[in-house]
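Everything on this sheet refers to the single structure shown next.
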Amino acid sequence: MKAFEFFTPTQIIFGRGCTKQIADEAKKMGKKTLVVTDKGLMKTGLVDPIIETLKAGGVDFDLWTDIVPNPRDVDIERGAEYAKAHGIDSLIAIGGGSSMDTAKAIGALMTNGGVCADWTDGNLKHPIAPLLCVPTTCGTGSEVTHESIVNNTKTLEKDCIWGPENSVTTAMIDSTMIDHLPGSILGSTGMDALTHAVEAYVCKAANPLTDGIALTAIQLISDHILPAVKNHDPESLDAMMAASTLAGIAFGNADVASVHSISEALGGFYDIPHGVANAIFLAPVSRFSLKGAVSRYADVAKAMGIPGRGESLEALASRGIDRMAALAEELQIPKFNTFDQVNPKDFPRLAKTAANADETADNPVMMDEADFVEVMTAVYEGRL
Ligand SMILES: [Fe+2]
């Protein structure tokens with residue numbers, strides 16, 4: 001067995017309505033906190049009960065709503081300057097990956113100083129400021145990963161602040177946060193979580209601890225994603241929230257792989273939502289990669305609830321991959337060629353970005369630029 005490390009320091013508080021205890025948890029972290037969330041979420045009213053709970057609990061806090069998708073370094077640096085100027089010593093993030101990543105990065109600058117570009121080599125010197133996360137989607141797992149993706153406005157590339165110091169103190173996983181999440185977003189973020197779990201299991205960085213966690217996440221998502229989207233019943237929503245966090249722990253301690261290499265390239269270039277891009281490419285990239293990890297993909301099929309029929313492992317694995325494609329269909333994920341901005345002329349450039357992504361090295365089979373062009377073209381033409 002290969003040597004491995006596993007690191008999950010975050011306190012996880014799970015349960016419907018658990019955010020009613022947020023004031024007690026916030027007061028453990030410090031004297032004054034910055035609540036980081038986005039304006040769109042504020043408009044939905046989802047954040048109001050949490051704000052009221054914090055006020056009723058006597059928590060001293062300021063509100064920071066300057067969050068955008070794909071957080072930029074300059075916004076994070078302004079957040080850190082605000083924190084410094086206003087005696088902030090801790091953070092609460094309410095939202096999806098952008099809010100949580102922004103809060104982590106602000107927390108990193110609060111304790112390490114400098115600007116984002118100083119800390120993108122896994123070189124943080126001090127743990128980030130105490131941070132409590134309340135996820136409001138069931139996909140990113142950012143509440144338990146040790147990364148913050150930051151858009152570098154000078155190079156126009158995505159940087160990453162990462163390392164064990166970049167850990168969340170407490171995650172409050174409350175599925176009432178997704179009671180009213182539109183089905184399309186629940187479906188695509190849930191497919192992001194499924195992609196995290198599948199890639200954590202089949203990638204070259206998998207280890208026995210991440211394996212168990214990833215398979216449980218795959219099982220929960222396979223059983224509950226369609227009922228969650230259709231019925232929004234509490235049991236299914238709980239299962240999706242648990243699975244999203246489990247998948248985050250799994251890929252945070254293993255890796256993702258080439259589905260994410262593509263979805264990140266598409267996110268940066270075309271602004272295609274991350275979960276949608278993953279949902280489109282999960283089955284095709286898995287088909288391409290199957291030969292590198294046949295028994296692993298067969299395990300994925302079993303975790304998805306597909307009964308073996310005494311066929312070969314490859315045939316079983318293949319039926320699992322068919323199920324991934326069927327899920328994307330049933331969730332009405334748009335086809336790759338229906339996005340106006342997608343142009344096959346761009347595929348070589350996107351393939352170069354994907355081939356150079358760190359996670360590409362952990363895909364079950366090596367993929368070069370030509371392979372990525374082939375996969376993107378085949379998906380665009382409906383052949384894979
Ligand atoms: Fe992802």
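Identifiers in this document derive from the order of the structure tokens: chains are assigned A, B, ..., residues are numbered from 1 separately in each chain, and ligands are numbered from 1 in order of occurrence.
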
Could you give me, as a tab-separated table, a per-residue list for chain A showing, wherever an atom lies at most 10 Å from an atom of ligand 1, the closest pair of atoms and their distance in Å to one decimal, using only C-alpha atoms and all ligand atoms and sorting by chain then residue number from low to high?
```
residue	atom	partner	partner_atom_place_in_ligand_line	distance
A:Gly97	CA	ligand 1	1 (Fe)	9.2
A:Gly139	CA	ligand 1	1 (Fe)	7.2
A:Thr140	CA	ligand 1	1 (Fe)	5.7
A:Gly141	CA	ligand 1	1 (Fe)	8.1
A:Ser142	CA	ligand 1	1 (Fe)	9.2
A:Thr189	CA	ligand 1	1 (Fe)	8.4
A:Gly190	CA	ligand 1	1 (Fe)	9.9
A:Met191	CA	ligand 1	1 (Fe)	8.8
A:Asp192	CA	ligand 1	1 (Fe)	5.1
A:Ala193	CA	ligand 1	1 (Fe)	6.7
A:Leu194	CA	ligand 1	1 (Fe)	9.0
A:Thr195	CA	ligand 1	1 (Fe)	6.9
A:His196	CA	ligand 1	1 (Fe)	5.9
A:Ala197	CA	ligand 1	1 (Fe)	9.6
A:Glu199	CA	ligand 1	1 (Fe)	9.8
A:Ala247	CA	ligand 1	1 (Fe)	9.7
A:Gly248	CA	ligand 1	1 (Fe)	8.8
A:Phe251	CA	ligand 1	1 (Fe)	9.2
A:Val256	CA	ligand 1	1 (Fe)	8.0
A:Val259	CA	ligand 1	1 (Fe)	9.0
A:His260	CA	ligand 1	1 (Fe)	6.4
A:Ser261	CA	ligand 1	1 (Fe)	9.9
A:Ser263	CA	ligand 1	1 (Fe)	8.1
A:Glu264	CA	ligand 1	1 (Fe)	8.4
A:His274	CA	ligand 1	1 (Fe)	6.5
A:Gly275	CA	ligand 1	1 (Fe)	6.7
A:Ala277	CA	ligand 1	1 (Fe)	9.4
A:Asn278	CA	ligand 1	1 (Fe)	7.3
```

Could you give me, as a Markdown table, a per-residue list for segment 201-263 of chain A showing, wherever an atom lies at most 9 Å from an atom of segment 317-327 of chain A, the closest pair of atoms and their distance in Å to one decimal, using only C-alpha atoms and sorting by chain then residue number from low to high?
```
| residue | atom | partner | partner_atom | distance |
| --- | --- | --- | --- | --- |
| A:Ser222 | CA | A:Leu327 | CA | 8.6 |
| A:Ile225 | CA | A:Leu327 | CA | 8.8 |
| A:Leu226 | CA | A:Leu327 | CA | 8.2 |
```

Which polymer residues have any atom within 12 Å of an atom of Phe6 of chain A, counting only C-alpha atoms, with same-chain residues fewer than 4 positions away left out, as a PyMOL selection string?
chain A and resi 145-146+164+205-211+213+249-255

With N, CA and C atoms retained, could you export that selection as a CSV table (one decimal), in the first residue's frame?
```csv
chain,number,residue,atom,x,y,z
A,145,THR,N,-12.5,21.4,2.7
A,145,THR,CA,-11.3,21.3,1.9
A,145,THR,C,-10.3,22.3,2.3
A,146,HIS,N,-9.1,22.2,1.9
A,146,HIS,CA,-8.0,23.1,2.4
A,146,HIS,C,-7.5,24.0,1.3
A,164,PRO,N,-2.7,22.8,5.0
A,164,PRO,CA,-3.4,22.4,6.2
A,164,PRO,C,-3.8,23.7,7.0
A,205,ALA,N,-4.4,9.3,-6.6
A,205,ALA,CA,-4.0,9.7,-5.2
A,205,ALA,C,-5.0,9.2,-4.2
A,206,ALA,N,-5.9,8.2,-4.6
A,206,ALA,CA,-6.8,7.6,-3.6
A,206,ALA,C,-6.1,6.9,-2.5
A,207,ASN,N,-6.7,6.8,-1.3
A,207,ASN,CA,-6.1,6.0,-0.3
A,207,ASN,C,-7.3,5.3,0.4
A,208,PRO,N,-7.0,4.3,1.3
A,208,PRO,CA,-8.1,3.5,1.9
A,208,PRO,C,-9.1,4.4,2.7
A,209,LEU,N,-8.6,5.4,3.3
A,209,LEU,CA,-9.6,6.3,4.1
A,209,LEU,C,-10.5,7.1,3.1
A,210,THR,N,-9.9,7.6,2.1
A,210,THR,CA,-10.7,8.4,1.2
A,210,THR,C,-11.6,7.4,0.4
A,211,ASP,N,-11.2,6.2,0.2
A,211,ASP,CA,-12.0,5.2,-0.6
A,211,ASP,C,-13.4,5.0,0.1
A,213,ILE,N,-14.9,6.8,2.3
A,213,ILE,CA,-15.7,8.0,2.4
A,213,ILE,C,-16.3,8.3,1.0
A,249,ILE,N,-14.4,15.8,1.8
A,249,ILE,CA,-13.3,15.2,2.7
A,249,ILE,C,-12.5,14.3,1.8
A,250,ALA,N,-13.2,13.5,0.9
A,250,ALA,CA,-12.5,12.5,0.1
A,250,ALA,C,-11.6,13.2,-0.9
A,251,PHE,N,-12.1,14.1,-1.7
A,251,PHE,CA,-11.2,14.7,-2.7
A,251,PHE,C,-10.2,15.6,-2.1
A,252,GLY,N,-10.5,16.2,-1.0
A,252,GLY,CA,-9.6,17.1,-0.3
A,252,GLY,C,-8.3,16.3,0.2
A,253,ASN,N,-8.5,15.0,0.5
A,253,ASN,CA,-7.4,14.2,0.9
A,253,ASN,C,-6.9,13.3,-0.1
A,254,ALA,N,-7.6,13.2,-1.3
A,254,ALA,CA,-7.0,12.4,-2.4
A,254,ALA,C,-6.8,13.5,-3.5
A,255,ASP,N,-7.6,13.5,-4.5
A,255,ASP,CA,-7.6,14.5,-5.6
A,255,ASP,C,-8.8,14.4,-6.4
```

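Atom pair atom CA of Phe372 of chain A / atom CA of Ala303 of chain A: separated by 27.5 Å.
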
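The smallest atom-to-atom distance between Met42 of chain A and any of A:Asp66, A:Asp60, A:Asp179, A:Glu81, using only C-alpha atoms, is found for A:Asp66.
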
Non-local contacts of Leu181 of chain A (9 Å; only C-alpha atoms; under 5 positions in same chain excluded) as a PyMOL selection string
chain A and resi 136-137+186+229+232

Would you mind writing down, as a ChimeraX atom specification, each residue of segment 126-228 of chain A that DSSP on the backbone assigns to strand (DSSP E or B)?
/A:131-135,147-151,158-162,170-173

Could you save those same residues with C-alpha atoms as an mmCIF file, in the first residue's frame?
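That gives us out17.cif:
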```cif
data_model
loop_
_atom_site.group_PDB
_atom_site.id
_atom_site.type_symbol
_atom_site.label_atom_id
_atom_site.label_comp_id
_atom_site.auth_asym_id
_atom_site.auth_seq_id
_atom_site.Cartn_x
_atom_site.Cartn_y
_atom_site.Cartn_z
ATOM 1 C CA LEU A 131 -13.908 30.452 10.301
ATOM 2 C CA LEU A 132 -17.390 28.950 10.538
ATOM 3 C CA CYS A 133 -18.998 27.833 7.253
ATOM 4 C CA VAL A 134 -22.683 27.331 6.495
ATOM 5 C CA PRO A 135 -22.958 25.776 3.001
ATOM 6 C CA GLU A 147 -8.073 25.174 -0.775
ATOM 7 C CA SER A 148 -9.296 28.598 -1.863
ATOM 8 C CA ILE A 149 -9.431 29.243 -5.592
ATOM 9 C CA VAL A 150 -8.565 32.868 -6.326
ATOM 10 C CA ASN A 151 -8.724 34.682 -9.674
ATOM 11 C CA LYS A 158 -6.735 30.838 -11.284
ATOM 12 C CA ASP A 159 -4.427 30.660 -8.283
ATOM 13 C CA CYS A 160 -4.916 28.519 -5.223
ATOM 14 C CA ILE A 161 -4.178 29.250 -1.577
ATOM 15 C CA TRP A 162 -3.819 25.818 -0.011
ATOM 16 C CA THR A 170 -16.501 24.639 12.179
ATOM 17 C CA ALA A 171 -18.946 23.572 9.451
ATOM 18 C CA MET A 172 -22.652 23.731 10.268
ATOM 19 C CA ILE A 173 -24.372 21.466 7.747
#
```

Just want the 8 Å neighbourhood of Gly107 of chain A, counted on only C-alpha atoms, with same-chain residues fewer than 6 positions away dropped. Output as a list in words.
Ala80, Ser90, Leu91, Ile128, Ala129, Pro130 and Leu131 of chain A

Just the alpha helix (DSSP H) stuff from segment 196-317 of chain A, please, per backbone DSSP, written as JSON, numbers by chain.
{"A": [196, 197, 198, 199, 200, 201, 202, 208, 209, 210, 211, 212, 213, 214, 215, 216, 217, 218, 219, 220, 221, 222, 223, 224, 225, 226, 227, 228, 229, 230, 231, 234, 235, 236, 237, 238, 239, 240, 241, 242, 243, 244, 245, 246, 247, 248, 249, 250, 251, 252, 253, 258, 259, 260, 261, 262, 263, 264, 265, 266, 267, 268, 269, 270, 274, 275, 276, 277, 278, 279, 280, 281, 282, 283, 284, 285, 286, 287, 288, 289, 294, 295, 296, 297, 298, 299, 300, 301, 302, 303, 313, 314, 315, 316, 317]}

Just want the 8 Å neighbourhood of Met240 of chain A, counted on only C-alpha atoms, with same-chain residues fewer than 6 positions away dropped. Output as a PyMOL selection string.
chain A and resi 138+190+220-221+224-225+228

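The spacing separating atom CA of Ile306 of chain A from atom CA of Ser188 of chain A amounts to 21.9 Å.
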
Pick from A:Ala315, A:Arg16, A:Gly382, A:Pro69: nearest to Ser236 of chain A, with only C-alpha atoms counted?
A:Arg16
